[in-house]
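Everything on this sheet refers to the single structure shown next.
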Amino acid sequence: MKNFLSVKDVVNTELLAQQAIELKQNRFAFKQLGENKTMVLLFLNSSLRTRISTQKAAQNLGMNTIILNLNQDSWQMEYEDGAIMNGSTVEHIKEGAAVISEYADIIGIRAFPTLIDKEKDYSEYVLHKFLENVKVPVVNMESATVHPLQSLTDLMTIREHTTKPKPKVVLTWAPHIKPLPQCVSNSFAEWMNKSDIEFVITHPEGYELSEHFSGKANIIYNQEEAFENADFIYAKNWSSYTDYGQIIGNHTDWKITDKMMQLTNNAKFMHCLPTRRNIEVADDVLDSNNSLVIKQAANREFAAQIVLKNILKTI
Ligand code: SN0
């Protein structure tokens with residue numbers, strides 16, 4: 001593995017998830033692999049799980065880690081070629097990224113979408129600007145359109161908790177108070193489509209994901225119908241892709257409640273976190289024994305570690 005940018009960098013999703021599960025038994029077995037190597041984690045946006053779990057994963061492999069909150073703690077970065085930098089940006093990505101890559105053996109980047117400029121976001125503008133200017137492997141820690149470390153974790157968690165070889169997994173839109181990226185849902189969809197899963201997506205009309213990501217998924221607009229016989233319910237809010245970055249209509253009744261969970265096959269509940277309690281998901285669902293959200297978050301460490309392990313083997 002050279003870079004880990006999306007599911008396209010993965011040959012076999014199920015195999016990678018299995019290898020991540022195996023790592024849990026012996027997370028310190030490969031301490032030599034990352035000795036004297038440094039991972040630099042760049043955050044253009046907030047993070048709790050990604051920040052800690054990726055750092056921990058690198059340290060489990062013997063690596064040193066350095067975190068930089070770009071824009072906040074360092075100079076404002078300019079991305080445009082040919083920019084006349086007489087405004088608020090101080091350092092161009094050409095120097096910024098090149099310099100960081102002198103200090104790093106692997107770089108992790110988090111760069112959320114603008115949710116304003118659809119074309120720019122879906123071209124992965126910022127991520128590609130980094131890729132053009134670094135010389136070392138890059139790990140995507142949530143970009144404008146995808147969050148592959150989360151999706152690998154999700155597949156791992158499903159495999160650990162399923163009682164069937166091919167479970168029914170339902171990705172359901174849930175309400176929120178502000179427009180959120182489509183990343184987690186896009187990514188989850190493309191990973192589920194590439195794995196041995198009966199995959200259903202349910203959302204109000206107007207929240208269709210890009211077909212590039214939803215692919216062959218079965219889209220059901222009636223949430224109750226979609227929940228029938230589900231083995232896993234994966235809740236996530238996302239803003240509209242078609243009416244880009246907008247919240248359309250009032251769909252507070254899409255909140256995941258225990259009453260909704262009763263329609264399923266005693267489904268396990270999943271969410272990438274953070275979640276707005278009692279807006280997206282009711283307390284009784286998050287606090288129930290069927291909720292996997294904490295186990296799911298714990299698995300982030302091993303998803304990151306298997307990715308870093310595979311990259312380290314190539315450098
Ligand atoms: C991010 C998202 O992509 O939806 C990160 C999820 C892993 N979530 C948020 O930005 C939540 C912000 C909020 O105000 O609830």
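We label chains A, B, ... in the order they appear in the structure tokens, count residues from 1 in each chain, and number ligands from 1 in the order shown.
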Could you list, as a ChimeraX atom specification, every residue within 9 Å of Cys272 of chain A, counting only C-alpha atoms and ignoring same-chain residues fewer than 4 positions away? /A:150-151,154,184,234-236,293,296-297
Got time to write the residues from that selection, N, CA, C and O atoms, as a short mmCIF file (atom, residue, chain, number, x, y, z; two decimals), in the first residue's frame?
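Full text of part.cif as output:
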data_model
loop_
_atom_site.label_atom_id
_atom_site.label_comp_id
_atom_site.auth_asym_id
_atom_site.auth_seq_id
_atom_site.Cartn_x
_atom_site.Cartn_y
_atom_site.Cartn_z
N GLN A 150 -12.59 5.38 8.84
CA GLN A 150 -13.85 5.10 9.53
C GLN A 150 -14.53 3.88 8.91
O GLN A 150 -15.00 2.99 9.61
N SER A 151 -14.55 3.83 7.58
CA SER A 151 -15.26 2.72 6.90
C SER A 151 -14.58 1.38 7.16
O SER A 151 -15.27 0.36 7.32
N ASP A 154 -15.66 0.37 10.45
CA ASP A 154 -17.06 -0.06 10.43
C ASP A 154 -17.19 -1.49 9.93
O ASP A 154 -17.93 -2.29 10.51
N VAL A 184 -18.63 10.46 5.46
CA VAL A 184 -18.77 9.19 6.18
C VAL A 184 -19.73 8.28 5.42
O VAL A 184 -19.48 7.08 5.25
N TYR A 234 -26.90 1.78 10.78
CA TYR A 234 -25.78 2.74 10.81
C TYR A 234 -26.38 4.12 10.56
O TYR A 234 -26.86 4.41 9.47
N ALA A 235 -26.39 4.96 11.59
CA ALA A 235 -27.02 6.28 11.45
C ALA A 235 -25.98 7.35 11.16
O ALA A 235 -24.86 7.31 11.69
N LYS A 236 -26.35 8.28 10.31
CA LYS A 236 -25.45 9.41 10.01
C LYS A 236 -26.26 10.52 9.36
O LYS A 236 -27.10 10.26 8.51
N VAL A 293 -21.38 1.77 19.48
CA VAL A 293 -20.61 2.98 19.16
C VAL A 293 -19.25 3.07 19.86
O VAL A 293 -18.28 3.55 19.25
N GLN A 296 -16.96 0.40 18.33
CA GLN A 296 -16.64 0.89 16.99
C GLN A 296 -15.49 1.91 17.08
O GLN A 296 -14.50 1.82 16.35
N ALA A 297 -15.61 2.85 17.99
CA ALA A 297 -14.56 3.87 18.16
C ALA A 297 -13.25 3.23 18.58
O ALA A 297 -12.17 3.61 18.10
#
With 10 Å as the cut-off and only C-alpha atoms and all ligand atoms counted, what is the closest atom pair between each nearby residue of chain A and ligand 1? Distances in Å to one decimal, ordered by chain and number, as a Markdown table.
| residue | atom | partner | partner_atom_place_in_ligand_line | distance |
| --- | --- | --- | --- | --- |
| A:Asn45 | CA | ligand 1 | 10 (O) | 8.5 |
| A:Ser46 | CA | ligand 1 | 10 (O) | 7.7 |
| A:Ser47 | CA | ligand 1 | 5 (C) | 7.5 |
| A:Leu48 | CA | ligand 1 | 7 (C) | 8.8 |
| A:Arg49 | CA | ligand 1 | 7 (C) | 8.2 |
| A:Thr50 | CA | ligand 1 | 7 (C) | 8.1 |
| A:Phe112 | CA | ligand 1 | 3 (O) | 7.3 |
| A:Pro113 | CA | ligand 1 | 3 (O) | 8.8 |
| A:Met141 | CA | ligand 1 | 7 (C) | 9.3 |
| A:Glu142 | CA | ligand 1 | 3 (O) | 7.4 |
| A:Ser143 | CA | ligand 1 | 3 (O) | 8.8 |
| A:Ala144 | CA | ligand 1 | 3 (O) | 8.7 |
| A:Thr145 | CA | ligand 1 | 3 (O) | 8.9 |
| A:Val146 | CA | ligand 1 | 3 (O) | 8.5 |
| A:His147 | CA | ligand 1 | 7 (C) | 7.6 |
| A:Leu149 | CA | ligand 1 | 7 (C) | 10.0 |
| A:Gln150 | CA | ligand 1 | 7 (C) | 7.5 |
| A:His176 | CA | ligand 1 | 15 (O) | 7.4 |
| A:Ile177 | CA | ligand 1 | 14 (O) | 7.7 |
| A:Lys178 | CA | ligand 1 | 14 (O) | 6.7 |
| A:Pro179 | CA | ligand 1 | 12 (C) | 8.5 |
| A:Leu180 | CA | ligand 1 | 4 (O) | 4.8 |
| A:Pro181 | CA | ligand 1 | 3 (O) | 4.7 |
| A:Gln182 | CA | ligand 1 | 3 (O) | 6.6 |
| A:Cys183 | CA | ligand 1 | 3 (O) | 5.6 |
| A:Val184 | CA | ligand 1 | 3 (O) | 5.8 |
| A:Ser185 | CA | ligand 1 | 3 (O) | 8.6 |
| A:Lys236 | CA | ligand 1 | 4 (O) | 7.5 |
| A:Asn237 | CA | ligand 1 | 4 (O) | 6.8 |
| A:Trp238 | CA | ligand 1 | 4 (O) | 6.7 |
| A:Ser239 | CA | ligand 1 | 4 (O) | 9.1 |
| A:His271 | CA | ligand 1 | 7 (C) | 9.1 |
| A:Cys272 | CA | ligand 1 | 7 (C) | 5.7 |
| A:Leu273 | CA | ligand 1 | 7 (C) | 5.9 |
| A:Pro274 | CA | ligand 1 | 11 (C) | 6.0 |
| A:Thr275 | CA | ligand 1 | 15 (O) | 6.2 |
| A:Arg276 | CA | ligand 1 | 15 (O) | 6.0 |
| A:Arg277 | CA | ligand 1 | 15 (O) | 9.8 |
| A:Glu280 | CA | ligand 1 | 15 (O) | 9.6 |
Per-residue DSSP, segment 124-246 of chain A, filtered to alpha helix (DSSP H), as JSON, numbers by chain: {"A": [125, 126, 127, 128, 129, 130, 131, 132, 133, 148, 149, 150, 151, 152, 153, 154, 155, 156, 157, 158, 159, 160, 161, 183, 184, 185, 186, 187, 188, 189, 190, 191, 192, 193, 211, 212, 213, 214, 223, 224, 225, 226, 227]}
Mind writing the picked residues with N, CA and C atoms as a compact mmCIF listing (two decimals), in the first residue's frame?
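This is the output file result-v3.txt:
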# COMPACT_ATOMS: atom_id res chain seq x y z
N TYR A 125 -9.80 18.78 -3.95
CA TYR A 125 -8.84 19.83 -4.25
C TYR A 125 -7.69 19.90 -3.23
N VAL A 126 -8.01 20.02 -1.95
CA VAL A 126 -6.96 20.21 -0.93
C VAL A 126 -6.09 18.96 -0.80
N LEU A 127 -6.73 17.80 -0.74
CA LEU A 127 -5.98 16.54 -0.63
C LEU A 127 -5.00 16.41 -1.80
N HIS A 128 -5.47 16.72 -3.00
CA HIS A 128 -4.61 16.59 -4.18
C HIS A 128 -3.49 17.62 -4.19
N LYS A 129 -3.75 18.79 -3.66
CA LYS A 129 -2.68 19.80 -3.55
C LYS A 129 -1.56 19.28 -2.65
N PHE A 130 -1.93 18.60 -1.58
CA PHE A 130 -0.90 18.00 -0.72
C PHE A 130 -0.17 16.90 -1.49
N LEU A 131 -0.93 16.02 -2.13
CA LEU A 131 -0.32 14.89 -2.83
C LEU A 131 0.67 15.36 -3.89
N GLU A 132 0.35 16.47 -4.55
CA GLU A 132 1.24 17.00 -5.60
C GLU A 132 2.57 17.48 -5.03
N ASN A 133 2.57 17.83 -3.74
CA ASN A 133 3.75 18.50 -3.19
C ASN A 133 4.48 17.74 -2.09
N PRO A 148 -12.12 6.95 4.78
CA PRO A 148 -11.87 5.51 4.67
C PRO A 148 -11.42 4.82 5.96
N LEU A 149 -10.72 5.52 6.86
CA LEU A 149 -10.32 4.86 8.12
C LEU A 149 -11.56 4.51 8.93
N GLN A 150 -12.59 5.38 8.84
CA GLN A 150 -13.85 5.10 9.53
C GLN A 150 -14.53 3.88 8.91
N SER A 151 -14.55 3.83 7.58
CA SER A 151 -15.26 2.72 6.90
C SER A 151 -14.58 1.38 7.16
N LEU A 152 -13.27 1.37 7.21
CA LEU A 152 -12.56 0.12 7.53
C LEU A 152 -12.92 -0.32 8.95
N THR A 153 -12.95 0.63 9.86
CA THR A 153 -13.37 0.35 11.24
C THR A 153 -14.78 -0.23 11.27
N ASP A 154 -15.66 0.37 10.45
CA ASP A 154 -17.06 -0.06 10.43
C ASP A 154 -17.19 -1.49 9.93
N LEU A 155 -16.46 -1.81 8.88
CA LEU A 155 -16.51 -3.18 8.35
C LEU A 155 -15.97 -4.18 9.38
N MET A 156 -14.87 -3.80 10.02
CA MET A 156 -14.29 -4.62 11.09
C MET A 156 -15.32 -4.91 12.18
N THR A 157 -16.01 -3.85 12.60
CA THR A 157 -16.97 -3.95 13.70
C THR A 157 -18.15 -4.82 13.29
N ILE A 158 -18.60 -4.67 12.06
CA ILE A 158 -19.69 -5.52 11.56
C ILE A 158 -19.26 -6.98 11.56
N ARG A 159 -18.05 -7.25 11.07
CA ARG A 159 -17.56 -8.64 11.03
C ARG A 159 -17.41 -9.24 12.43
N GLU A 160 -17.03 -8.41 13.40
CA GLU A 160 -16.88 -8.93 14.77
C GLU A 160 -18.22 -9.27 15.41
N HIS A 161 -19.28 -8.57 14.96
CA HIS A 161 -20.57 -8.71 15.66
C HIS A 161 -21.65 -9.40 14.86
N CYS A 183 -19.07 12.75 3.57
CA CYS A 183 -17.90 11.85 3.61
C CYS A 183 -18.15 10.47 4.22
N VAL A 184 -18.63 10.46 5.46
CA VAL A 184 -18.77 9.19 6.18
C VAL A 184 -19.73 8.28 5.42
N SER A 185 -20.82 8.85 4.91
CA SER A 185 -21.83 8.06 4.21
C SER A 185 -21.33 7.61 2.84
N ASN A 186 -20.69 8.50 2.11
CA ASN A 186 -20.10 8.12 0.80
C ASN A 186 -19.17 6.94 0.97
N SER A 187 -18.30 7.08 1.94
CA SER A 187 -17.25 6.10 2.16
C SER A 187 -17.85 4.77 2.64
N PHE A 188 -18.78 4.87 3.59
CA PHE A 188 -19.43 3.66 4.11
C PHE A 188 -20.10 2.91 2.95
N ALA A 189 -20.76 3.67 2.08
CA ALA A 189 -21.46 3.04 0.94
C ALA A 189 -20.47 2.33 0.03
N GLU A 190 -19.36 2.97 -0.30
CA GLU A 190 -18.46 2.30 -1.24
C GLU A 190 -17.76 1.10 -0.61
N TRP A 191 -17.54 1.13 0.68
CA TRP A 191 -16.94 -0.04 1.36
C TRP A 191 -17.95 -1.17 1.46
N MET A 192 -19.20 -0.85 1.79
CA MET A 192 -20.24 -1.89 1.88
C MET A 192 -20.46 -2.53 0.51
N ASN A 193 -20.47 -1.70 -0.53
CA ASN A 193 -20.68 -2.22 -1.88
C ASN A 193 -19.56 -3.17 -2.32
N GLU A 211 -24.03 8.98 -7.10
CA GLU A 211 -24.11 7.57 -7.53
C GLU A 211 -22.74 6.92 -7.60
N HIS A 212 -21.74 7.75 -7.73
CA HIS A 212 -20.37 7.26 -7.73
C HIS A 212 -20.10 6.46 -6.44
N PHE A 213 -20.76 6.88 -5.34
CA PHE A 213 -20.56 6.21 -4.05
C PHE A 213 -21.68 5.24 -3.71
N SER A 214 -22.93 5.62 -3.96
CA SER A 214 -24.05 4.74 -3.58
C SER A 214 -24.10 3.50 -4.47
N GLN A 223 -38.28 4.91 5.75
CA GLN A 223 -37.33 4.48 6.79
C GLN A 223 -37.81 3.21 7.50
N GLU A 224 -39.12 3.14 7.78
CA GLU A 224 -39.66 1.98 8.51
C GLU A 224 -39.48 0.70 7.69
N GLU A 225 -39.77 0.82 6.41
CA GLU A 225 -39.63 -0.35 5.51
C GLU A 225 -38.15 -0.78 5.44
N ALA A 226 -37.27 0.19 5.36
CA ALA A 226 -35.83 -0.11 5.27
C ALA A 226 -35.32 -0.84 6.51
N PHE A 227 -35.90 -0.50 7.68
CA PHE A 227 -35.42 -1.08 8.94
C PHE A 227 -35.83 -2.55 9.13
Give me, as a PyMOL selection string, all polymer residues having an atom no more than 8 Å from Pro204 of chain A, counting only C-alpha atoms and skipping those fewer than 6 positions away in the same chain. chain A and resi 173+221-222+251
Residue selection dump (N, CA and C atoms) as a PDB file, in the first residue's frame:
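Once written, out.pdb looks like this:
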ATOM      1  N   TRP A 173     -30.115   8.011   7.064  1.00  0.00           N
ATOM      2  CA  TRP A 173     -29.962   9.448   7.297  1.00  0.00           C
ATOM      3  C   TRP A 173     -30.623   9.753   8.640  1.00  0.00           C
ATOM      4  N   TYR A 221     -36.862   4.848   0.330  1.00  0.00           N
ATOM      5  CA  TYR A 221     -37.172   6.161   0.898  1.00  0.00           C
ATOM      6  C   TYR A 221     -38.006   6.079   2.180  1.00  0.00           C
ATOM      7  N   ASN A 222     -38.629   4.920   2.411  1.00  0.00           N
ATOM      8  CA  ASN A 222     -39.428   4.733   3.617  1.00  0.00           C
ATOM      9  C   ASN A 222     -38.548   4.128   4.720  1.00  0.00           C
ATOM     10  N   HIS A 251     -36.996  17.203   8.892  1.00  0.00           N
ATOM     11  CA  HIS A 251     -37.179  15.754   8.991  1.00  0.00           C
ATOM     12  C   HIS A 251     -36.797  15.252  10.370  1.00  0.00           C
TER      13      HIS A 251
END
Enumerate the residues of segment 172-308 of chain A with a DSSP assignment of strand (DSSP E), computed from the backbone, and present them as a PyMOL selection string. chain A and resi 172-173+198-202+218-220+232-236+268-270
Residues of the last selection are to be written out with all heavy atoms, as a short mmCIF file (atom, residue, chain, number, x, y, z; two decimals), in the first residue's frame.
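Written out: selection.cif:
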data_model
loop_
_atom_site.label_atom_id
_atom_site.label_comp_id
_atom_site.auth_asym_id
_atom_site.auth_seq_id
_atom_site.Cartn_x
_atom_site.Cartn_y
_atom_site.Cartn_z
N THR A 172 -28.83 4.78 7.54
CA THR A 172 -29.97 5.67 7.59
C THR A 172 -29.55 7.11 7.84
O THR A 172 -28.72 7.39 8.70
CB THR A 172 -31.00 5.24 8.66
OG1 THR A 172 -32.07 6.21 8.68
CG2 THR A 172 -30.41 5.16 10.07
N TRP A 173 -30.11 8.01 7.06
CA TRP A 173 -29.96 9.45 7.30
C TRP A 173 -30.62 9.75 8.64
O TRP A 173 -31.64 9.15 9.00
CB TRP A 173 -30.67 10.20 6.17
CG TRP A 173 -30.50 11.69 6.20
CD1 TRP A 173 -29.54 12.42 5.57
CD2 TRP A 173 -31.35 12.63 6.87
NE1 TRP A 173 -29.72 13.75 5.81
CE2 TRP A 173 -30.82 13.91 6.62
CE3 TRP A 173 -32.49 12.52 7.68
CZ2 TRP A 173 -31.40 15.08 7.13
CZ3 TRP A 173 -33.05 13.67 8.20
CH2 TRP A 173 -32.52 14.94 7.91
N GLU A 198 -25.56 -7.27 2.52
CA GLU A 198 -26.83 -6.84 1.89
C GLU A 198 -27.02 -5.39 2.32
O GLU A 198 -27.30 -5.11 3.49
CB GLU A 198 -27.99 -7.72 2.39
CG GLU A 198 -29.30 -7.36 1.71
CD GLU A 198 -30.50 -8.04 2.39
OE1 GLU A 198 -30.32 -9.08 3.07
OE2 GLU A 198 -31.59 -7.49 2.25
N PHE A 199 -26.84 -4.47 1.39
CA PHE A 199 -26.71 -3.07 1.77
C PHE A 199 -27.90 -2.22 1.31
O PHE A 199 -28.25 -2.22 0.13
CB PHE A 199 -25.40 -2.52 1.20
CG PHE A 199 -25.12 -1.09 1.61
CD1 PHE A 199 -25.22 -0.69 2.94
CD2 PHE A 199 -24.73 -0.16 0.66
CE1 PHE A 199 -24.96 0.61 3.32
CE2 PHE A 199 -24.46 1.16 1.03
CZ PHE A 199 -24.58 1.54 2.36
N VAL A 200 -28.49 -1.51 2.29
CA VAL A 200 -29.65 -0.65 2.02
C VAL A 200 -29.32 0.76 2.51
O VAL A 200 -28.70 0.92 3.57
CB VAL A 200 -30.90 -1.19 2.77
CG1 VAL A 200 -32.06 -0.21 2.70
CG2 VAL A 200 -31.30 -2.55 2.21
N ILE A 201 -29.74 1.77 1.75
CA ILE A 201 -29.62 3.16 2.21
C ILE A 201 -31.03 3.73 2.31
O ILE A 201 -31.84 3.53 1.39
CB ILE A 201 -28.79 4.03 1.24
CG1 ILE A 201 -27.42 3.40 0.94
CG2 ILE A 201 -28.60 5.45 1.79
CD1 ILE A 201 -26.57 4.20 -0.05
N THR A 202 -31.30 4.44 3.41
CA THR A 202 -32.60 5.11 3.51
C THR A 202 -32.40 6.57 3.91
O THR A 202 -31.57 6.88 4.78
CB THR A 202 -33.55 4.36 4.49
OG1 THR A 202 -34.81 5.03 4.48
CG2 THR A 202 -33.01 4.30 5.92
N ASN A 218 -29.30 -0.62 -2.47
CA ASN A 218 -30.75 -0.58 -2.58
C ASN A 218 -31.23 0.66 -1.81
O ASN A 218 -31.07 0.72 -0.59
CB ASN A 218 -31.31 -1.88 -1.97
CG ASN A 218 -32.80 -1.96 -2.04
OD1 ASN A 218 -33.45 -1.14 -2.71
ND2 ASN A 218 -33.36 -2.94 -1.36
N ILE A 219 -31.80 1.64 -2.49
CA ILE A 219 -32.24 2.88 -1.82
C ILE A 219 -33.74 2.80 -1.57
O ILE A 219 -34.53 2.63 -2.50
CB ILE A 219 -31.87 4.11 -2.67
CG1 ILE A 219 -30.34 4.20 -2.79
CG2 ILE A 219 -32.43 5.40 -2.03
CD1 ILE A 219 -29.84 5.12 -3.87
N ILE A 220 -34.10 2.90 -0.29
CA ILE A 220 -35.51 2.82 0.10
C ILE A 220 -35.86 4.13 0.82
O ILE A 220 -35.21 4.49 1.81
CB ILE A 220 -35.76 1.60 1.04
CG1 ILE A 220 -35.42 0.29 0.30
CG2 ILE A 220 -37.18 1.59 1.57
CD1 ILE A 220 -35.50 -0.96 1.17
N PHE A 232 -27.92 -4.57 11.21
CA PHE A 232 -27.13 -3.42 11.68
C PHE A 232 -27.81 -2.14 11.18
O PHE A 232 -28.18 -2.05 10.00
CB PHE A 232 -25.70 -3.45 11.12
CG PHE A 232 -24.87 -4.57 11.67
CD1 PHE A 232 -24.91 -5.84 11.09
CD2 PHE A 232 -24.04 -4.38 12.77
CE1 PHE A 232 -24.16 -6.89 11.60
CE2 PHE A 232 -23.28 -5.41 13.30
CZ PHE A 232 -23.34 -6.68 12.70
N ILE A 233 -27.96 -1.18 12.08
CA ILE A 233 -28.44 0.16 11.69
C ILE A 233 -27.27 1.12 11.87
O ILE A 233 -26.70 1.23 12.96
CB ILE A 233 -29.63 0.62 12.58
CG1 ILE A 233 -30.84 -0.30 12.39
CG2 ILE A 233 -29.98 2.08 12.30
CD1 ILE A 233 -31.48 -0.28 11.00
N TYR A 234 -26.90 1.78 10.78
CA TYR A 234 -25.78 2.74 10.81
C TYR A 234 -26.38 4.12 10.56
O TYR A 234 -26.86 4.41 9.47
CB TYR A 234 -24.77 2.39 9.71
CG TYR A 234 -23.45 3.11 9.84
CD1 TYR A 234 -22.32 2.43 10.29
CD2 TYR A 234 -23.31 4.46 9.52
CE1 TYR A 234 -21.10 3.08 10.43
CE2 TYR A 234 -22.10 5.11 9.65
CZ TYR A 234 -20.99 4.42 10.10
OH TYR A 234 -19.79 5.07 10.22
N ALA A 235 -26.39 4.96 11.59
CA ALA A 235 -27.02 6.28 11.45
C ALA A 235 -25.98 7.35 11.16
O ALA A 235 -24.86 7.31 11.69
CB ALA A 235 -27.76 6.63 12.74
N LYS A 236 -26.35 8.28 10.31
CA LYS A 236 -25.45 9.41 10.01
C LYS A 236 -26.26 10.52 9.36
O LYS A 236 -27.10 10.26 8.51
CB LYS A 236 -24.34 8.96 9.05
CG LYS A 236 -23.32 10.03 8.70
CD LYS A 236 -22.39 10.36 9.86
CE LYS A 236 -21.42 11.49 9.56
NZ LYS A 236 -22.04 12.81 9.80
N LYS A 268 -27.93 -4.32 15.76
CA LYS A 268 -26.90 -3.56 16.46
C LYS A 268 -26.94 -2.14 15.91
O LYS A 268 -27.20 -1.93 14.72
CB LYS A 268 -25.51 -4.16 16.20
CG LYS A 268 -25.38 -5.61 16.63
CD LYS A 268 -25.34 -5.75 18.12
CE LYS A 268 -25.06 -7.19 18.54
NZ LYS A 268 -25.37 -7.40 19.95
N PHE A 269 -26.64 -1.17 16.78
CA PHE A 269 -26.66 0.22 16.36
C PHE A 269 -25.24 0.76 16.20
O PHE A 269 -24.40 0.56 17.08
CB PHE A 269 -27.43 1.09 17.37
CG PHE A 269 -27.40 2.53 17.01
CD1 PHE A 269 -28.25 3.02 16.02
CD2 PHE A 269 -26.47 3.40 17.59
CE1 PHE A 269 -28.18 4.36 15.64
CE2 PHE A 269 -26.40 4.73 17.21
CZ PHE A 269 -27.26 5.21 16.23
N MET A 270 -25.00 1.46 15.10
CA MET A 270 -23.67 2.02 14.84
C MET A 270 -23.74 3.50 14.48
O MET A 270 -24.70 3.95 13.86
CB MET A 270 -22.97 1.25 13.71
CG MET A 270 -22.71 -0.22 14.05
SD MET A 270 -22.02 -1.16 12.67
CE MET A 270 -20.33 -0.55 12.67
#
Applying 12 Å and only C-alpha atoms, which residues near Lys259 of chain A remain after dropping the ones on its own chain fewer than 6 positions away? List them as a list in words.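 Returned residues: Glu224, Phe227, Asp253, Asn266, Val281, Ala282, Asp284 and Val285 of chain A.
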Selected residue of minimal separation from Ser53 of chain A among A:Lys309, A:Lys255, A:Arg300, A:Lys37, counting only C-alpha atoms: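 Nearest to Ser53 of chain A: A:Arg300.
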Give me the residues near Asn64 of chain A as a VMD selection string, where near means some atom within 9 Å (using only C-alpha atoms) and where sequence neighbours in that chain fewer than 2 positions away do not count. chain A and resid 34 to 40 55 58 to 59 62 66
Can you write out the residues you just picked, keeping all heavy atoms, as a short mmCIF file (atom, residue, chain, number, x, y, z; two decimals), in the first residue's frame?
data_model
loop_
_atom_site.label_atom_id
_atom_site.label_comp_id
_atom_site.auth_asym_id
_atom_site.auth_seq_id
_atom_site.Cartn_x
_atom_site.Cartn_y
_atom_site.Cartn_z
N GLY A 34 8.22 0.39 12.73
CA GLY A 34 8.17 1.85 12.61
C GLY A 34 9.28 2.57 13.36
O GLY A 34 9.27 3.80 13.47
N GLU A 35 10.25 1.79 13.86
CA GLU A 35 11.32 2.38 14.66
C GLU A 35 12.05 3.48 13.88
O GLU A 35 12.40 3.29 12.71
CB GLU A 35 12.31 1.28 15.07
CG GLU A 35 13.08 1.65 16.29
CD GLU A 35 14.09 0.58 16.69
OE1 GLU A 35 14.26 -0.40 15.94
OE2 GLU A 35 14.72 0.77 17.74
N ASN A 36 12.25 4.62 14.52
CA ASN A 36 12.93 5.78 13.91
C ASN A 36 12.17 6.38 12.73
O ASN A 36 12.74 7.13 11.94
CB ASN A 36 14.37 5.43 13.50
CG ASN A 36 15.21 5.05 14.70
OD1 ASN A 36 14.98 5.55 15.81
ND2 ASN A 36 16.16 4.16 14.52
N LYS A 37 10.92 6.04 12.59
CA LYS A 37 10.08 6.66 11.56
C LYS A 37 9.10 7.63 12.24
O LYS A 37 8.72 7.43 13.38
CB LYS A 37 9.30 5.59 10.79
CG LYS A 37 10.17 4.56 10.06
CD LYS A 37 10.04 4.78 8.58
CE LYS A 37 10.77 3.81 7.67
NZ LYS A 37 12.00 3.23 8.10
N THR A 38 8.72 8.66 11.48
CA THR A 38 7.85 9.69 12.04
C THR A 38 6.58 9.85 11.21
O THR A 38 6.64 9.92 9.99
CB THR A 38 8.60 11.05 12.08
OG1 THR A 38 9.74 10.89 12.92
CG2 THR A 38 7.73 12.17 12.62
N MET A 39 5.45 9.90 11.91
CA MET A 39 4.20 10.24 11.25
C MET A 39 3.81 11.65 11.66
O MET A 39 3.77 11.97 12.86
CB MET A 39 3.10 9.26 11.63
CG MET A 39 1.77 9.63 10.96
SD MET A 39 0.54 8.34 11.01
CE MET A 39 -0.65 9.01 9.84
N VAL A 40 3.51 12.50 10.67
CA VAL A 40 3.01 13.85 10.95
C VAL A 40 1.52 13.86 10.63
O VAL A 40 1.11 13.48 9.52
CB VAL A 40 3.76 14.92 10.13
CG1 VAL A 40 3.14 16.30 10.34
CG2 VAL A 40 5.23 14.95 10.52
N GLN A 55 -2.69 8.34 16.17
CA GLN A 55 -1.43 8.54 16.88
C GLN A 55 -1.05 7.27 17.66
O GLN A 55 0.09 6.83 17.63
CB GLN A 55 -1.61 9.72 17.84
CG GLN A 55 -0.33 10.44 18.12
CD GLN A 55 -0.53 11.61 19.08
OE1 GLN A 55 -1.65 12.00 19.39
NE2 GLN A 55 0.56 12.14 19.55
N ALA A 58 0.16 4.52 15.31
CA ALA A 58 1.53 4.76 14.87
C ALA A 58 2.51 4.40 15.99
O ALA A 58 3.54 3.77 15.75
CB ALA A 58 1.70 6.22 14.46
N GLN A 59 2.15 4.75 17.22
CA GLN A 59 3.03 4.47 18.36
C GLN A 59 3.10 2.97 18.65
O GLN A 59 4.15 2.46 19.04
CB GLN A 59 2.57 5.26 19.59
CG GLN A 59 2.84 6.76 19.40
CD GLN A 59 2.20 7.64 20.47
OE1 GLN A 59 1.57 7.14 21.40
NE2 GLN A 59 2.35 8.94 20.32
N GLY A 62 5.78 1.58 16.83
CA GLY A 62 7.11 2.11 17.15
C GLY A 62 7.43 3.46 16.55
O GLY A 62 8.55 3.94 16.66
N ILE A 66 3.87 13.48 15.34
CA ILE A 66 3.81 14.93 15.54
C ILE A 66 2.47 15.40 14.98
O ILE A 66 2.09 15.03 13.86
CB ILE A 66 4.96 15.65 14.79
CG1 ILE A 66 6.31 15.18 15.34
CG2 ILE A 66 4.80 17.16 14.89
CD1 ILE A 66 7.51 15.66 14.53
#
Looking at only C-alpha atoms, which of A:Met63, A:Ala303, A:Ile84, A:Leu171 is the one that sits closest to Ile106 of chain A? A:Met63
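In terms of minimum interatomic distance to Val138 of chain A, A:Val307 ranks closest within A:Val307, A:Leu15, A:Ile21, A:Leu68, counting only C-alpha atoms.
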